[in-house]
$ cat final-v3.txt   # compact mmCIF, C-alpha atoms
# COMPACT_ATOMS: atom_id res chain seq x y z
CA MET N 87 -5.48 6.95 -6.72
CA SER N 88 -8.90 5.46 -6.41
CA ARG N 89 -10.40 3.18 -9.01
CA ASN N 90 -13.99 2.08 -9.17
CA THR N 91 -13.22 -1.16 -10.94
CA ASP N 92 -13.25 -4.62 -9.44
CA PRO N 93 -10.53 -6.76 -11.01
CA VAL N 94 -11.97 -10.05 -9.77
CA PRO N 95 -14.62 -10.62 -12.47
CA ASN N 96 -12.12 -10.03 -15.27
CA GLU N 97 -9.52 -12.24 -13.60
CA ARG N 98 -12.09 -15.01 -13.22
CA ALA N 99 -13.22 -14.53 -16.82
CA LEU N 100 -9.65 -14.80 -18.07
CA LEU N 101 -9.05 -18.02 -16.12
CA GLY N 102 -12.42 -19.33 -17.29
CA ALA N 103 -11.59 -18.54 -20.91
CA ILE N 104 -8.43 -20.65 -20.60
CA LEU N 105 -10.47 -23.53 -19.21
CA GLN N 106 -12.95 -23.19 -22.07
CA ASN N 107 -10.25 -23.09 -24.73
CA ASN N 108 -6.80 -24.36 -23.71
CA ALA N 109 -5.38 -23.30 -27.08
CA ILE N 110 -5.29 -19.66 -25.91
CA LEU N 111 -3.01 -20.36 -22.93
CA ALA N 112 0.27 -19.55 -24.70
CA ASP N 113 -1.12 -16.22 -25.89
CA VAL N 114 -2.56 -15.42 -22.46
CA ALA N 115 0.77 -16.28 -20.81
CA GLU N 116 2.49 -13.81 -23.15
CA ALA N 117 -0.05 -11.11 -22.31
CA VAL N 118 -0.14 -11.44 -18.52
CA ALA N 119 2.05 -12.81 -15.76
CA PRO N 120 0.86 -14.51 -12.57
CA GLU N 121 1.85 -11.37 -10.65
CA ASP N 122 -0.62 -9.34 -12.71
CA PHE N 123 -3.55 -10.99 -10.94
CA TRP N 124 -4.84 -9.02 -7.97
CA LEU N 125 -6.08 -12.00 -5.98
CA GLU N 126 -3.43 -14.36 -4.67
CA ALA N 127 -5.84 -17.21 -5.40
CA HIS N 128 -5.92 -16.26 -9.06
CA ARG N 129 -2.11 -15.94 -9.17
CA GLU N 130 -1.76 -19.45 -7.78
CA LEU N 131 -4.37 -20.89 -10.11
CA PHE N 132 -2.77 -19.28 -13.16
CA ARG N 133 0.64 -20.69 -12.13
CA LEU N 134 -0.98 -24.09 -11.68
CA ILE N 135 -2.63 -23.93 -15.11
CA ILE N 136 0.75 -23.16 -16.66
CA GLU N 137 2.36 -26.05 -14.78
CA LEU N 138 -0.39 -28.43 -15.87
CA ASP N 139 0.16 -27.37 -19.46
CA GLU N 140 3.92 -27.81 -19.19
CA GLY N 141 3.35 -31.31 -17.82
CA ASN N 142 0.96 -32.14 -20.67
CA GLU N 143 -1.84 -32.59 -18.15
CA PRO N 144 -5.44 -31.78 -19.00
CA ILE N 145 -6.49 -28.24 -18.20
CA ASP N 146 -10.06 -28.39 -16.98
CA SER N 147 -11.93 -27.39 -13.85
CA ARG N 148 -11.85 -30.86 -12.29
CA THR N 149 -8.11 -31.40 -12.86
CA LEU N 150 -7.36 -27.87 -11.64
CA PHE N 151 -9.35 -28.44 -8.46
CA GLU N 152 -7.82 -31.87 -7.80
CA GLU N 153 -4.29 -30.58 -8.36
CA ALA N 154 -4.99 -27.59 -6.11
CA MET N 155 -6.14 -30.02 -3.41
CA ALA N 156 -3.02 -32.16 -3.86
CA ARG N 157 -0.78 -29.11 -3.53
CA GLY N 158 -2.55 -27.73 -0.52
CA ILE N 159 -3.94 -24.67 -2.28
CA ALA N 160 -7.49 -26.01 -2.31
CA LYS N 161 -8.43 -23.20 0.07
CA TYR N 162 -9.00 -21.32 -3.18
CA GLY N 163 -11.62 -23.86 -4.07
CA GLY N 164 -13.98 -22.61 -1.38
CA ALA N 165 -16.92 -24.70 -0.30
CA GLY N 166 -16.78 -27.87 -2.33
CA GLY N 167 -14.44 -26.28 -4.83
CA ALA N 168 -17.24 -24.14 -6.27
CA PRO N 169 -15.09 -21.12 -7.23
CA ILE N 170 -12.65 -23.30 -9.19
CA LEU N 171 -15.30 -25.58 -10.59
CA ASN N 172 -17.34 -22.58 -11.78
CA LEU N 173 -14.51 -20.68 -13.44
CA GLU N 174 -15.54 -21.75 -16.93
CA SER N 175 -18.91 -20.07 -16.53
CA ALA N 176 -17.17 -16.82 -15.50
CA ALA N 177 -16.15 -16.23 -19.12
CA PRO N 178 -19.12 -15.46 -21.37
CA ALA N 179 -16.91 -16.18 -24.38
CA ALA N 180 -13.37 -17.57 -24.51
CA GLU N 181 -12.84 -15.48 -27.64
CA SER N 182 -12.99 -12.36 -25.45
CA TRP N 183 -9.83 -13.33 -23.59
CA ARG N 184 -7.86 -10.38 -25.02
CA GLY N 185 -10.20 -7.92 -23.35
CA TYR N 186 -9.96 -9.74 -20.02
CA ALA N 187 -6.16 -9.91 -20.31
CA LYS N 188 -5.91 -6.24 -21.21
CA PHE N 189 -7.95 -5.33 -18.14
CA VAL N 190 -5.89 -7.57 -15.84
CA ARG N 191 -2.62 -6.17 -17.20
CA ARG N 192 -3.86 -2.56 -16.97
CA GLU N 193 -5.03 -2.97 -13.40
CA ALA N 194 -1.69 -4.53 -12.46
CA TYR N 195 0.12 -1.58 -14.03
CA LEU N 196 -2.04 0.90 -12.12
CA ARG N 197 -1.48 -0.98 -8.84
CA ARG N 198 2.28 -0.88 -9.41
CA LEU N 199 2.13 2.86 -10.13
CA GLU N 200 0.11 3.39 -6.99
CA GLU N 201 2.60 1.36 -4.92
CA LEU N 202 5.48 3.35 -6.41
CA GLY N 203 3.76 6.63 -5.58
CA VAL N 204 3.18 5.57 -1.98
CA SER N 205 6.79 4.44 -1.70
CA LEU N 206 8.15 7.68 -3.15
CA ALA N 207 5.93 9.75 -0.89
CA ALA N 208 7.17 7.80 2.15
CA GLU N 209 10.78 8.31 1.06
CA ALA N 210 10.22 12.01 0.57
CA ARG N 211 8.51 12.30 3.95
CA ASP N 212 11.23 10.32 5.73
CA GLY N 213 13.96 12.26 3.97
CA GLU N 214 12.67 15.55 5.40
CA ASP N 215 13.44 14.58 9.00

$ encode --input "final-v3.txt" --output "structure tokens"
Amino acid sequence: MSRNTDPVPNERALLGAILQNNAILADVAEAVAPEDFWLEAHRELFRLIIELDEGNEPIDSRTLFEEAMARGIAKYGGAGGAPILNLESAAPAAESWRGYAKFVRREAYLRRLEELGVSLAAEARDGED
């Protein structure tokens, strides 16, 4: 199965929407799971955002970057933390989070289907020996 969609912009937009409006986090967390993100960096950042919220810490680009540095996942920050620090600008409108979440969830579903198909094909092939 080949898809012509790039999940990264929608993942970044969803994370950026959370940074723009922390009030949507609970709804986003109900709509998607960390494992739904294609990029490991985005999975880790989403987990970190949830942990910050659970600890009643501020959820903003600076805090996210500093906490990522403290936990040794700052590699996701890139040069000077630009990817993390620019997440907010990745979301044209926080109010559009449902569309970003729907895309992230759908892509995750399609990836899982694809993985299942590959696994079943391998089992069928190996079972014919």

$ axis_aligned_box --input "final-v3.txt" --around "region 188-193 of chain N" --padding-each-side "5 Å" --output "AutoDock Vina command-line options"
--center_x -5.3 --center_y -5.1 --center_z -17.3 --size_x 15.3 --size_y 15.0 --size_z 17.8

$ atom_distance --input "final-v3.txt" --atom1 "CA of Val204 (chain N)" --atom2 "CA of Asp122 (chain N)"
18.8 Å

$ residues_around --input "final-v3.txt" --residues "region 125-136 of chain N" --least-positions-apart "2" --cutoff "9 Å" --atoms "all atoms listed in the file" --output "list of chain:residue names"
N:Pro93, N:Val94, N:Glu97, N:Arg98, N:Leu101, N:Ile104, N:Leu105, N:Leu111, N:Ala112, N:Ala115, N:Ala119, N:Pro120, N:Glu121, N:Asp122, N:Phe123, N:Leu138, N:Asp139, N:Glu140, N:Gly141, N:Ile145, N:Asp146, N:Leu150, N:Glu153, N:Ala154, N:Ile159, N:Lys161, N:Tyr162, N:Gly163, N:Ile170

$ write_last_selection --input "final-v3.txt" --atoms "C-alpha atoms" --output "compact mmCIF listing (two decimals), in the coordinates of the input"
# COMPACT_ATOMS: atom_id res chain seq x y z
CA PRO N 93 -10.53 -6.76 -11.01
CA VAL N 94 -11.97 -10.05 -9.77
CA GLU N 97 -9.52 -12.24 -13.60
CA ARG N 98 -12.09 -15.01 -13.22
CA LEU N 101 -9.05 -18.02 -16.12
CA ILE N 104 -8.43 -20.65 -20.60
CA LEU N 105 -10.47 -23.53 -19.21
CA LEU N 111 -3.01 -20.36 -22.93
CA ALA N 112 0.27 -19.55 -24.70
CA ALA N 115 0.77 -16.28 -20.81
CA ALA N 119 2.05 -12.81 -15.76
CA PRO N 120 0.86 -14.51 -12.57
CA GLU N 121 1.85 -11.37 -10.65
CA ASP N 122 -0.62 -9.34 -12.71
CA PHE N 123 -3.55 -10.99 -10.94
CA LEU N 138 -0.39 -28.43 -15.87
CA ASP N 139 0.16 -27.37 -19.46
CA GLU N 140 3.92 -27.81 -19.19
CA GLY N 141 3.35 -31.31 -17.82
CA ILE N 145 -6.49 -28.24 -18.20
CA ASP N 146 -10.06 -28.39 -16.98
CA LEU N 150 -7.36 -27.87 -11.64
CA GLU N 153 -4.29 -30.58 -8.36
CA ALA N 154 -4.99 -27.59 -6.11
CA ILE N 159 -3.94 -24.67 -2.28
CA LYS N 161 -8.43 -23.20 0.07
CA TYR N 162 -9.00 -21.32 -3.18
CA GLY N 163 -11.62 -23.86 -4.07
CA ILE N 170 -12.65 -23.30 -9.19

$ atom_distance --input "final-v3.txt" --atom1 "CA of Leu206 (chain N)" --atom2 "CA of Ala117 (chain N)"
28.1 Å

$ closest_residue --input "final-v3.txt" --among "N:Tyr186, N:Gly102, N:Pro95, N:Asp113" --to "Glu174 (chain N)" --atoms "all atoms listed in the file"
N:Gly102

$ residues_around --input "final-v3.txt" --residues "Ala99 (chain N)" --least-positions-apart "6" --cutoff "12 Å" --atoms "only C-alpha atoms" --output "list in words"
Pro93, Leu105, Gln106, Phe123, His128, Pro169, Ile170, Asn172, Leu173, Glu174, Ser175, Ala176, Ala177, Pro178, Ala179, Ala180, Glu181, Ser182, Trp183, Arg184, Gly185, Tyr186, Ala187, Lys188, Phe189 and Val190 of chain N

$ build_atoms --input "final-v3.txt" --residues "region 139-162 of chain N" --atoms "N, CA, C and O atoms" --output "PDB file, keeping the file's coordinate frame"
ATOM      1  N   ASP N 139      -0.108 -27.378 -18.030  1.00  0.00           N
ATOM      2  CA  ASP N 139       0.160 -27.370 -19.460  1.00  0.00           C
ATOM      3  C   ASP N 139       1.579 -27.857 -19.760  1.00  0.00           C
ATOM      4  O   ASP N 139       1.785 -28.668 -20.671  1.00  0.00           O
ATOM      5  N   GLU N 140       2.535 -27.390 -18.985  1.00  0.00           N
ATOM      6  CA  GLU N 140       3.920 -27.810 -19.190  1.00  0.00           C
ATOM      7  C   GLU N 140       4.110 -29.306 -18.964  1.00  0.00           C
ATOM      8  O   GLU N 140       4.974 -29.925 -19.559  1.00  0.00           O
ATOM      9  N   GLY N 141       3.287 -29.875 -18.081  1.00  0.00           N
ATOM     10  CA  GLY N 141       3.350 -31.310 -17.820  1.00  0.00           C
ATOM     11  C   GLY N 141       2.437 -32.123 -18.712  1.00  0.00           C
ATOM     12  O   GLY N 141       2.209 -33.311 -18.464  1.00  0.00           O
ATOM     13  N   ASN N 142       1.882 -31.474 -19.739  1.00  0.00           N
ATOM     14  CA  ASN N 142       0.960 -32.140 -20.670  1.00  0.00           C
ATOM     15  C   ASN N 142      -0.239 -32.768 -19.964  1.00  0.00           C
ATOM     16  O   ASN N 142      -0.758 -33.800 -20.399  1.00  0.00           O
ATOM     17  N   GLU N 143      -0.657 -32.148 -18.887  1.00  0.00           N
ATOM     18  CA  GLU N 143      -1.840 -32.590 -18.150  1.00  0.00           C
ATOM     19  C   GLU N 143      -3.060 -31.873 -18.707  1.00  0.00           C
ATOM     20  O   GLU N 143      -2.943 -30.773 -19.261  1.00  0.00           O
ATOM     21  N   PRO N 144      -4.229 -32.478 -18.540  1.00  0.00           N
ATOM     22  CA  PRO N 144      -5.440 -31.780 -19.000  1.00  0.00           C
ATOM     23  C   PRO N 144      -5.665 -30.498 -18.193  1.00  0.00           C
ATOM     24  O   PRO N 144      -5.349 -30.439 -17.011  1.00  0.00           O
ATOM     25  N   ILE N 145      -6.171 -29.502 -18.876  1.00  0.00           N
ATOM     26  CA  ILE N 145      -6.490 -28.240 -18.200  1.00  0.00           C
ATOM     27  C   ILE N 145      -7.994 -28.091 -18.225  1.00  0.00           C
ATOM     28  O   ILE N 145      -8.588 -27.649 -19.207  1.00  0.00           O
ATOM     29  N   ASP N 146      -8.611 -28.509 -17.143  1.00  0.00           N
ATOM     30  CA  ASP N 146     -10.060 -28.390 -16.980  1.00  0.00           C
ATOM     31  C   ASP N 146     -10.337 -28.128 -15.511  1.00  0.00           C
ATOM     32  O   ASP N 146      -9.443 -28.235 -14.669  1.00  0.00           O
ATOM     33  N   SER N 147     -11.565 -27.767 -15.216  1.00  0.00           N
ATOM     34  CA  SER N 147     -11.930 -27.390 -13.850  1.00  0.00           C
ATOM     35  C   SER N 147     -11.660 -28.508 -12.848  1.00  0.00           C
ATOM     36  O   SER N 147     -11.128 -28.267 -11.767  1.00  0.00           O
ATOM     37  N   ARG N 148     -12.025 -29.730 -13.203  1.00  0.00           N
ATOM     38  CA  ARG N 148     -11.850 -30.860 -12.290  1.00  0.00           C
ATOM     39  C   ARG N 148     -10.369 -31.114 -11.999  1.00  0.00           C
ATOM     40  O   ARG N 148      -9.970 -31.251 -10.850  1.00  0.00           O
ATOM     41  N   THR N 149      -9.548 -31.159 -13.048  1.00  0.00           N
ATOM     42  CA  THR N 149      -8.110 -31.400 -12.860  1.00  0.00           C
ATOM     43  C   THR N 149      -7.491 -30.262 -12.063  1.00  0.00           C
ATOM     44  O   THR N 149      -6.666 -30.498 -11.173  1.00  0.00           O
ATOM     45  N   LEU N 150      -7.879 -29.032 -12.366  1.00  0.00           N
ATOM     46  CA  LEU N 150      -7.360 -27.870 -11.640  1.00  0.00           C
ATOM     47  C   LEU N 150      -7.706 -27.969 -10.164  1.00  0.00           C
ATOM     48  O   LEU N 150      -6.844 -27.770  -9.299  1.00  0.00           O
ATOM     49  N   PHE N 151      -8.935 -28.316  -9.855  1.00  0.00           N
ATOM     50  CA  PHE N 151      -9.350 -28.440  -8.460  1.00  0.00           C
ATOM     51  C   PHE N 151      -8.597 -29.572  -7.772  1.00  0.00           C
ATOM     52  O   PHE N 151      -8.078 -29.398  -6.660  1.00  0.00           O
ATOM     53  N   GLU N 152      -8.504 -30.728  -8.414  1.00  0.00           N
ATOM     54  CA  GLU N 152      -7.820 -31.870  -7.800  1.00  0.00           C
ATOM     55  C   GLU N 152      -6.341 -31.580  -7.575  1.00  0.00           C
ATOM     56  O   GLU N 152      -5.789 -31.949  -6.533  1.00  0.00           O
ATOM     57  N   GLU N 153      -5.714 -30.914  -8.517  1.00  0.00           N
ATOM     58  CA  GLU N 153      -4.290 -30.580  -8.360  1.00  0.00           C
ATOM     59  C   GLU N 153      -4.117 -29.521  -7.264  1.00  0.00           C
ATOM     60  O   GLU N 153      -3.148 -29.569  -6.507  1.00  0.00           O
ATOM     61  N   ALA N 154      -5.038 -28.586  -7.182  1.00  0.00           N
ATOM     62  CA  ALA N 154      -4.990 -27.590  -6.110  1.00  0.00           C
ATOM     63  C   ALA N 154      -5.121 -28.267  -4.753  1.00  0.00           C
ATOM     64  O   ALA N 154      -4.406 -27.926  -3.805  1.00  0.00           O
ATOM     65  N   MET N 155      -5.988 -29.249  -4.661  1.00  0.00           N
ATOM     66  CA  MET N 155      -6.140 -30.020  -3.410  1.00  0.00           C
ATOM     67  C   MET N 155      -4.837 -30.738  -3.084  1.00  0.00           C
ATOM     68  O   MET N 155      -4.376 -30.707  -1.943  1.00  0.00           O
ATOM     69  N   ALA N 156      -4.248 -31.392  -4.067  1.00  0.00           N
ATOM     70  CA  ALA N 156      -3.020 -32.160  -3.860  1.00  0.00           C
ATOM     71  C   ALA N 156      -1.869 -31.271  -3.411  1.00  0.00           C
ATOM     72  O   ALA N 156      -1.008 -31.703  -2.650  1.00  0.00           O
ATOM     73  N   ARG N 157      -1.863 -30.033  -3.871  1.00  0.00           N
ATOM     74  CA  ARG N 157      -0.780 -29.110  -3.530  1.00  0.00           C
ATOM     75  C   ARG N 157      -1.064 -28.260  -2.302  1.00  0.00           C
ATOM     76  O   ARG N 157      -0.265 -27.401  -1.945  1.00  0.00           O
ATOM     77  N   GLY N 158      -2.220 -28.477  -1.718  1.00  0.00           N
ATOM     78  CA  GLY N 158      -2.550 -27.730  -0.520  1.00  0.00           C
ATOM     79  C   GLY N 158      -3.019 -26.308  -0.775  1.00  0.00           C
ATOM     80  O   GLY N 158      -3.018 -25.484   0.134  1.00  0.00           O
ATOM     81  N   ILE N 159      -3.407 -26.009  -1.995  1.00  0.00           N
ATOM     82  CA  ILE N 159      -3.940 -24.670  -2.280  1.00  0.00           C
ATOM     83  C   ILE N 159      -5.434 -24.753  -2.554  1.00  0.00           C
ATOM     84  O   ILE N 159      -6.009 -23.861  -3.144  1.00  0.00           O
ATOM     85  N   ALA N 160      -6.049 -25.828  -2.083  1.00  0.00           N
ATOM     86  CA  ALA N 160      -7.490 -26.010  -2.310  1.00  0.00           C
ATOM     87  C   ALA N 160      -8.313 -24.992  -1.561  1.00  0.00           C
ATOM     88  O   ALA N 160      -9.501 -24.848  -1.829  1.00  0.00           O
ATOM     89  N   LYS N 161      -7.682 -24.256  -0.628  1.00  0.00           N
ATOM     90  CA  LYS N 161      -8.430 -23.200   0.070  1.00  0.00           C
ATOM     91  C   LYS N 161      -9.052 -22.250  -0.935  1.00  0.00           C
ATOM     92  O   LYS N 161     -10.041 -21.604  -0.674  1.00  0.00           O
ATOM     93  N   TYR N 162      -8.458 -22.179  -2.137  1.00  0.00           N
ATOM     94  CA  TYR N 162      -9.000 -21.320  -3.180  1.00  0.00           C
ATOM     95  C   TYR N 162     -10.226 -21.937  -3.817  1.00  0.00           C
ATOM     96  O   TYR N 162     -10.895 -21.291  -4.598  1.00  0.00           O
TER      97      TYR N 162
END
